[in-house]
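Okay, final_18.cif is below, mmCIF, C-alpha atoms:
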```cif
data_query
loop_
_atom_site.label_atom_id
_atom_site.label_comp_id
_atom_site.auth_asym_id
_atom_site.auth_seq_id
_atom_site.Cartn_x
_atom_site.Cartn_y
_atom_site.Cartn_z
CA GLN A 859 9.94 17.84 3.24
CA LYS A 860 8.07 14.53 2.83
CA GLU A 861 6.87 13.72 -0.69
CA VAL A 862 3.34 13.10 0.59
CA GLU A 863 1.86 14.65 3.72
CA GLN A 864 -1.21 13.20 5.41
CA ASP A 865 -2.63 14.06 8.84
CA PRO A 866 -2.54 10.84 10.91
CA GLY A 867 -5.63 11.73 12.96
CA PRO A 868 -7.45 10.04 14.53
CA LEU A 869 -10.50 11.71 13.06
CA SER A 870 -13.63 10.90 15.04
CA VAL A 871 -17.08 11.67 13.60
CA PRO A 872 -20.68 10.70 14.36
CA GLU A 873 -22.53 8.31 12.09
CA GLY A 874 -24.05 10.11 9.10
CA ALA A 875 -21.44 12.88 9.01
CA ILE A 876 -19.60 13.96 5.88
CA VAL A 877 -15.92 13.09 6.19
CA SER A 878 -13.11 14.92 4.42
CA LEU A 879 -9.67 13.30 4.18
CA ASN A 880 -6.77 15.12 2.54
CA CYS A 881 -3.21 14.79 1.33
CA THR A 882 -0.69 17.24 -0.06
CA TYR A 883 2.30 16.34 -2.17
CA SER A 884 5.42 17.97 -3.55
CA ASN A 885 6.24 16.02 -6.74
CA SER A 886 4.49 17.57 -9.73
CA ALA A 887 5.30 14.46 -11.81
CA PHE A 888 2.58 12.44 -10.08
CA GLN A 889 -0.23 11.72 -12.54
CA TYR A 890 -2.25 8.97 -10.87
CA PHE A 891 -3.85 9.32 -7.47
CA MET A 892 -5.37 6.63 -5.31
CA TRP A 893 -7.08 6.13 -2.01
CA TYR A 894 -6.73 2.86 -0.16
CA ARG A 895 -8.72 1.74 2.88
CA GLN A 896 -7.02 -0.49 5.44
CA TYR A 897 -8.97 -2.26 8.15
CA SER A 898 -7.20 -3.50 11.26
CA ARG A 899 -5.14 -6.66 10.59
CA LYS A 900 -5.85 -6.46 6.84
CA GLY A 901 -3.97 -5.22 3.80
CA PRO A 902 -4.78 -1.96 1.98
CA GLU A 903 -7.80 -2.21 -0.32
CA LEU A 904 -8.04 0.05 -3.38
CA LEU A 905 -10.98 2.39 -2.92
CA MET A 906 -10.68 5.14 -5.51
CA TYR A 907 -8.38 5.78 -8.46
CA THR A 908 -8.16 8.99 -10.49
CA TYR A 909 -5.97 10.38 -13.22
CA SER A 910 -4.84 14.02 -13.25
CA SER A 911 -7.10 16.77 -11.92
CA GLY A 912 -10.84 16.49 -11.43
CA ASN A 913 -13.49 14.63 -9.49
CA LYS A 914 -14.57 11.01 -9.42
CA GLU A 915 -17.61 9.67 -7.61
CA ASP A 916 -18.40 6.10 -6.57
CA GLY A 917 -21.42 5.67 -4.34
CA ARG A 918 -20.81 7.52 -1.07
CA PHE A 919 -17.19 8.27 -1.99
CA THR A 920 -15.86 11.22 -4.00
CA ALA A 921 -12.21 11.74 -4.84
CA GLN A 922 -10.91 15.16 -5.86
CA VAL A 923 -7.54 16.06 -7.33
CA ASP A 924 -6.22 19.60 -7.64
CA LYS A 925 -2.85 19.36 -9.35
CA SER A 926 -2.30 23.12 -9.36
CA SER A 927 -2.41 23.09 -5.55
CA LYS A 928 -0.87 19.60 -5.22
CA TYR A 929 -3.80 18.61 -3.04
CA ILE A 930 -6.10 15.60 -3.09
CA SER A 931 -9.22 14.83 -1.07
CA LEU A 932 -11.54 11.95 -0.34
CA PHE A 933 -15.09 12.75 0.78
CA ILE A 934 -17.30 10.16 2.44
CA ARG A 935 -21.01 10.98 2.62
CA ASP A 936 -23.38 9.47 5.17
CA SER A 937 -20.48 7.88 7.03
CA GLN A 938 -21.09 4.49 8.66
CA PRO A 939 -19.36 2.69 11.53
CA SER A 940 -18.11 0.21 8.91
CA ASP A 941 -16.10 3.08 7.36
CA SER A 942 -13.88 3.08 10.47
CA ALA A 943 -10.43 2.26 9.11
CA THR A 944 -7.14 3.84 8.12
CA TYR A 945 -7.27 5.69 4.80
CA LEU A 946 -4.05 5.88 2.80
CA CYS A 947 -3.52 8.25 -0.08
CA ALA A 948 -1.09 7.14 -2.75
CA MET A 949 0.39 8.72 -5.85
CA GLN A 950 2.07 7.07 -8.77
CA ASP A 951 4.68 8.01 -11.33
CA GLY A 952 5.64 4.98 -13.43
CA ASN A 953 6.48 2.08 -11.14
CA LYS A 954 6.91 4.35 -8.16
CA LEU A 955 3.95 4.38 -5.78
CA VAL A 956 4.35 6.79 -2.86
CA PHE A 957 2.03 6.55 0.13
CA GLY A 958 0.96 8.94 2.82
CA ALA A 959 1.23 7.68 6.40
CA GLY A 960 -2.56 7.21 6.61
CA THR A 961 -5.42 8.87 8.51
CA ILE A 962 -7.26 6.87 11.16
CA LEU A 963 -11.03 7.42 10.87
CA ARG A 964 -13.50 6.44 13.59
CA VAL A 965 -17.21 6.68 12.90
CA LYS A 966 -19.27 6.42 16.07
CA SER A 967 -22.81 5.07 16.09
CA GLU B 745 -8.73 -18.60 -3.83
CA THR B 746 -8.80 -15.10 -5.24
CA GLY B 747 -6.65 -12.00 -4.89
CA VAL B 748 -3.30 -11.90 -3.17
CA THR B 749 -2.56 -14.44 -0.44
CA GLN B 750 0.29 -14.15 2.05
CA THR B 751 1.59 -16.77 4.46
CA PRO B 752 2.20 -16.97 7.31
CA ARG B 753 -0.04 -14.27 8.77
CA HIS B 754 2.13 -13.97 11.87
CA LEU B 755 5.77 -14.85 12.45
CA VAL B 756 7.92 -14.56 15.54
CA MET B 757 11.59 -15.26 15.10
CA GLY B 758 14.89 -14.76 16.86
CA MET B 759 17.66 -12.69 15.35
CA THR B 760 19.65 -15.77 14.31
CA ASN B 761 16.77 -17.63 12.64
CA LYS B 762 16.14 -18.05 8.92
CA LYS B 763 12.57 -17.91 7.67
CA SER B 764 10.68 -17.12 4.47
CA LEU B 765 7.53 -15.20 3.69
CA LYS B 766 5.35 -16.35 0.80
CA CYS B 767 3.03 -14.45 -1.50
CA GLU B 768 0.78 -15.84 -4.22
CA GLN B 769 -1.46 -13.86 -6.56
CA HIS B 770 -4.43 -15.23 -8.48
CA LEU B 771 -5.15 -12.09 -10.51
CA GLY B 772 -3.17 -12.86 -13.64
CA HIS B 773 -0.77 -10.00 -12.92
CA ASN B 774 2.85 -9.88 -14.06
CA ALA B 775 4.35 -7.46 -11.54
CA MET B 776 4.84 -8.14 -7.84
CA TYR B 777 6.03 -6.00 -4.95
CA TRP B 778 7.22 -6.22 -1.35
CA TYR B 779 6.43 -3.38 1.05
CA LYS B 780 7.26 -2.78 4.72
CA GLN B 781 4.64 -1.08 6.90
CA SER B 782 5.76 0.22 10.30
CA ALA B 783 3.50 1.94 12.81
CA LYS B 784 2.65 5.54 11.89
CA LYS B 785 4.95 5.48 8.86
CA PRO B 786 4.13 5.38 5.15
CA LEU B 787 4.45 2.09 3.33
CA GLU B 788 8.04 1.61 2.20
CA LEU B 789 8.63 -0.07 -1.14
CA MET B 790 11.30 -2.77 -0.85
CA PHE B 791 11.42 -4.70 -4.12
CA VAL B 792 9.71 -4.76 -7.51
CA TYR B 793 9.56 -7.68 -9.93
CA ASN B 794 8.30 -7.36 -13.50
CA PHE B 795 7.88 -10.62 -15.43
CA LYS B 796 9.96 -12.42 -12.74
CA GLU B 797 12.87 -9.99 -13.12
CA GLN B 798 13.84 -7.69 -10.26
CA THR B 799 13.59 -4.11 -11.47
CA GLU B 800 13.91 -2.25 -8.19
CA ASN B 801 15.74 -2.74 -4.91
CA ASN B 802 15.02 0.25 -2.71
CA SER B 803 18.31 0.13 -0.77
CA VAL B 804 17.11 -2.83 1.27
CA PRO B 805 19.66 -4.52 3.59
CA SER B 806 20.98 -7.84 2.35
CA ARG B 807 19.41 -9.69 5.30
CA PHE B 808 16.24 -9.47 3.16
CA SER B 809 16.50 -11.62 0.03
CA PRO B 810 13.61 -11.76 -2.46
CA GLU B 811 12.86 -14.54 -4.90
CA CYS B 812 10.34 -14.60 -7.73
CA PRO B 813 10.20 -18.04 -9.41
CA ASN B 814 7.23 -17.08 -11.63
CA SER B 815 4.75 -14.24 -12.09
CA SER B 816 2.35 -15.70 -9.52
CA HIS B 817 4.72 -16.34 -6.61
CA LEU B 818 7.01 -14.13 -4.58
CA PHE B 819 9.13 -14.97 -1.56
CA LEU B 820 11.05 -12.91 0.96
CA HIS B 821 13.85 -14.84 2.64
CA LEU B 822 14.88 -13.50 6.04
CA HIS B 823 18.07 -14.11 8.02
CA THR B 824 19.83 -12.45 10.95
CA LEU B 825 17.14 -9.80 11.26
CA GLN B 826 17.24 -6.93 13.75
CA PRO B 827 14.52 -5.81 16.20
CA GLU B 828 13.82 -2.74 14.02
CA ASP B 829 12.76 -5.12 11.26
CA SER B 830 9.60 -5.94 13.21
CA ALA B 831 6.74 -4.69 11.00
CA LEU B 832 3.91 -5.73 8.70
CA TYR B 833 5.28 -7.01 5.39
CA LEU B 834 2.87 -6.56 2.52
CA CYS B 835 2.91 -8.13 -0.91
CA ALA B 836 1.16 -6.50 -3.85
CA SER B 837 0.63 -7.28 -7.52
CA SER B 838 -0.42 -5.42 -10.65
CA GLN B 839 -0.05 -5.51 -14.39
CA VAL B 840 3.32 -4.13 -15.40
CA GLN B 841 3.37 -0.33 -15.45
CA THR B 842 3.95 1.40 -18.77
CA LEU B 843 4.56 4.99 -19.79
CA TYR B 844 1.02 5.20 -21.15
CA SER B 845 -1.05 3.47 -18.51
CA ASN B 846 -1.15 3.11 -14.77
CA GLN B 847 -2.00 -0.20 -13.19
CA PRO B 848 -3.33 -0.08 -9.62
CA GLN B 849 -1.68 -2.40 -7.13
CA HIS B 850 -3.65 -4.96 -5.15
CA PHE B 851 -2.40 -5.98 -1.72
CA GLY B 852 -2.43 -9.08 0.41
CA ASP B 853 -3.21 -8.95 4.14
CA GLY B 854 0.45 -9.08 5.10
CA THR B 855 2.68 -11.03 7.45
CA ARG B 856 3.08 -9.51 10.92
CA LEU B 857 6.74 -10.12 11.77
CA SER B 858 8.14 -9.82 15.28
CA ILE B 859 11.87 -10.12 15.94
CA LEU B 860 12.83 -11.12 19.46
#
```

What do you get writing this file as structure tokens?
Amino acid sequence: QKEVEQDPGPLSVPEGAIVSLNCTYSNSAFQYFMWYRQYSRKGPELLMYTYSSGNKEDGRFTAQVDKSSKYISLFIRDSQPSDSATYLCAMQDGNKLVFGAGTILRVKS
Amino acid sequence: ETGVTQTPRHLVMGMTNKKSLKCEQHLGHNAMYWYKQSAKKPLELMFVYNFKEQTENNSVPSRFSPECPNSSHLFLHLHTLQPEDSALYLCASSQVQTLYSNQPQHFGDGTRLSIL
């Protein structure tokens, strides 16, 4: 079993839709949870960063962590074509940062 | 310049060549990392440096040789690579991780490496 599971997609949605991206994980030691956005031919860019369980909101983005279910989500409201990218979940325990394989998101205008 | 800068952006080399990848961070961080990103696979951590000292080598073949002369610069020396080494090589930096705080990593745009 992989430490972090993430559906690779692609996920294709119309502009303005609410997008839900998810990851599951197996290591209960993970305490810090991140979402990175990676545009084509660019490096990953930190988008959201949360500690332990709960929600965090930043503009159109909301990150949710459910440690009891070992499940994290990223919601994007009012999605825009500029949101088209690969979204990587990542989880950290000390120096160890473990990534999901990434979900490709395409927002069509 | 700001952030994490990697050069070159693209590199094509034969299996017998020797080349180096360079990373420079302008964020005042003291930890630096090398990752390998292959298509449809998660990022693979290769090396970690804290305060210029290597603290992790994730079972990387010896044909990859890192060097960290100071907290702002990181190199990856390459020699006798194999075709399966073709990938995007990403550098990242952060403050050093501690037991009591987590420091997010910031990435460069990577070097796209192709082995002929």

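The gap separating CA of Ser837 (chain B) from CA of Tyr894 (chain A) is 14.5 Å, in Å to one decimal.
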
If the PyMOL selection byres ((chain B) within 12 of (chain A)) is run on the structure shown, which residues does it catch, given as an NGL selection string? :B and (747-750 or 753-754 or 775-794 or 799-802 or 832-856)

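Residues matched by the PyMOL selection byres ((chain A and resi 965) around 12) in this file: Pro868, Leu869, Ser870, Val871, Pro872, Glu873, Gly874, Ala875, Ile876, Val877, Ile934, Arg935, Asp936, Ser937, Gln938, Pro939, Ser940, Asp941, Ser942, Ala943, Thr944, Ile962, Leu963, Arg964, Lys966 and Ser967 of chain A.
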
Counting all atoms listed in the file, which residue out of A:Ser931, A:Ser886, A:Ser926, A:Ser878 sits closest to Lys914 (chain A)? A:Ser931

Correct to one decimal, the distance CA of Tyr929 (chain A)-CA of Glu915 (chain A) is 17.1 Å

Extract, using all atoms listed in the file, all DNA, RNA and protein residues at most 10 Å from Ser927 (chain A), discarding same-chain residues fewer than 5 positions from it, and format them as a VMD selection string. chain A and resid 882 to 884 886

What would the file look like if the residues just selected were written as a short mmCIF file (atom, residue, chain, number, x, y, z; two decimals), in the coordinates of the input with C-alpha atoms?
```cif
data_model
loop_
_atom_site.label_atom_id
_atom_site.label_comp_id
_atom_site.auth_asym_id
_atom_site.auth_seq_id
_atom_site.Cartn_x
_atom_site.Cartn_y
_atom_site.Cartn_z
CA THR A 882 -0.69 17.24 -0.06
CA TYR A 883 2.30 16.34 -2.17
CA SER A 884 5.42 17.97 -3.55
CA SER A 886 4.49 17.57 -9.73
#
```

Give me, please, the distance in Å between CA of Asp865 (chain A) and CA of Trp893 (chain A), quoted to one decimal. 14.2 Å

For the file shown, what are the residues hit by the PyMOL selection byres ((chain A and resi 919) around 7), laid out as a ChimeraX atom specification? /A:915-918,920-921,932-935

Output region 797-808 of chain B as a tab-separated table (two decimals), in the frame of the given file, making sure all heavy atoms are there.
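Listing of out12.tsv after writing:
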```tsv
chain	number	residue	atom	x	y	z
B	797	GLU	N	11.57	-10.63	-13.21
B	797	GLU	CA	12.87	-9.99	-13.12
B	797	GLU	C	12.82	-8.83	-12.12
B	797	GLU	O	11.91	-7.99	-12.17
B	797	GLU	CB	13.30	-9.45	-14.49
B	797	GLU	CG	13.45	-10.52	-15.57
B	797	GLU	CD	14.52	-11.53	-15.21
B	797	GLU	OE1	15.57	-11.12	-14.69
B	797	GLU	OE2	14.30	-12.73	-15.47
B	798	GLN	N	13.81	-8.77	-11.23
B	798	GLN	CA	13.84	-7.69	-10.26
B	798	GLN	C	14.19	-6.39	-10.97
B	798	GLN	O	15.22	-6.30	-11.64
B	798	GLN	CB	14.86	-7.97	-9.15
B	798	GLN	CG	14.79	-6.96	-8.01
B	798	GLN	CD	15.80	-7.24	-6.91
B	798	GLN	OE1	16.60	-6.38	-6.56
B	798	GLN	NE2	15.79	-8.42	-6.37
B	799	THR	N	13.35	-5.39	-10.82
B	799	THR	CA	13.59	-4.11	-11.47
B	799	THR	C	13.87	-3.00	-10.46
B	799	THR	O	14.28	-1.91	-10.86
B	799	THR	CB	12.38	-3.69	-12.33
B	799	THR	OG1	11.22	-3.66	-11.48
B	799	THR	CG2	12.16	-4.67	-13.46
B	800	GLU	N	13.63	-3.27	-9.19
B	800	GLU	CA	13.91	-2.25	-8.19
B	800	GLU	C	14.26	-2.89	-6.86
B	800	GLU	O	13.61	-3.83	-6.40
B	800	GLU	CB	12.72	-1.32	-8.01
B	800	GLU	CG	12.98	-0.14	-7.09
B	800	GLU	CD	12.14	1.08	-7.42
B	800	GLU	OE1	11.49	1.11	-8.48
B	800	GLU	OE2	12.14	2.02	-6.60
B	801	ASN	N	15.34	-2.39	-6.26
B	801	ASN	CA	15.74	-2.74	-4.91
B	801	ASN	C	15.94	-1.40	-4.22
B	801	ASN	O	16.89	-0.69	-4.52
B	801	ASN	CB	17.03	-3.56	-4.92
B	801	ASN	CG	17.55	-3.86	-3.52
B	801	ASN	OD1	17.23	-3.17	-2.54
B	801	ASN	ND2	18.37	-4.88	-3.40
B	802	ASN	N	15.04	-1.10	-3.28
B	802	ASN	CA	15.02	0.25	-2.71
B	802	ASN	C	15.98	0.34	-1.52
B	802	ASN	O	15.57	0.64	-0.40
B	802	ASN	CB	13.58	0.58	-2.28
B	802	ASN	CG	13.33	2.07	-2.23
B	802	ASN	OD1	14.04	2.85	-2.86
B	802	ASN	ND2	12.32	2.47	-1.48
B	803	SER	N	17.26	0.05	-1.80
B	803	SER	CA	18.31	0.13	-0.77
B	803	SER	C	17.98	-0.73	0.46
B	803	SER	O	18.15	-0.30	1.60
B	803	SER	CB	18.55	1.58	-0.32
B	803	SER	OG	18.88	2.39	-1.41
B	804	VAL	N	17.50	-1.93	0.19
B	804	VAL	CA	17.11	-2.83	1.27
B	804	VAL	C	18.33	-3.61	1.76
B	804	VAL	O	19.11	-4.09	0.94
B	804	VAL	CB	16.02	-3.81	0.79
B	804	VAL	CG1	15.60	-4.75	1.92
B	804	VAL	CG2	14.82	-3.05	0.24
B	805	PRO	N	18.51	-3.76	3.07
B	805	PRO	CA	19.66	-4.52	3.59
B	805	PRO	C	19.66	-5.96	3.07
B	805	PRO	O	18.60	-6.55	2.83
B	805	PRO	CB	19.45	-4.48	5.11
B	805	PRO	CG	18.58	-3.30	5.35
B	805	PRO	CD	17.72	-3.16	4.15
B	806	SER	N	20.85	-6.51	2.95
B	806	SER	CA	20.98	-7.84	2.35
B	806	SER	C	20.41	-8.95	3.23
B	806	SER	O	20.28	-10.09	2.76
B	806	SER	CB	22.46	-8.13	2.05
B	806	SER	OG	23.20	-8.07	3.25
B	807	ARG	N	20.05	-8.66	4.46
B	807	ARG	CA	19.41	-9.69	5.30
B	807	ARG	C	17.99	-10.01	4.80
B	807	ARG	O	17.37	-10.96	5.27
B	807	ARG	CB	19.39	-9.26	6.77
B	807	ARG	CG	18.72	-7.94	7.05
B	807	ARG	CD	18.90	-7.57	8.53
B	807	ARG	NE	18.19	-6.36	8.91
B	807	ARG	CZ	18.73	-5.15	8.85
B	807	ARG	NH1	19.97	-5.00	8.45
B	807	ARG	NH2	18.01	-4.09	9.22
B	808	PHE	N	17.49	-9.20	3.86
B	808	PHE	CA	16.24	-9.47	3.16
B	808	PHE	C	16.59	-9.91	1.73
B	808	PHE	O	17.21	-9.13	0.99
B	808	PHE	CB	15.35	-8.23	3.09
B	808	PHE	CG	14.86	-7.77	4.42
B	808	PHE	CD1	15.56	-6.82	5.14
B	808	PHE	CD2	13.67	-8.26	4.95
B	808	PHE	CE1	15.11	-6.38	6.38
B	808	PHE	CE2	13.20	-7.82	6.18
B	808	PHE	CZ	13.92	-6.88	6.90
```
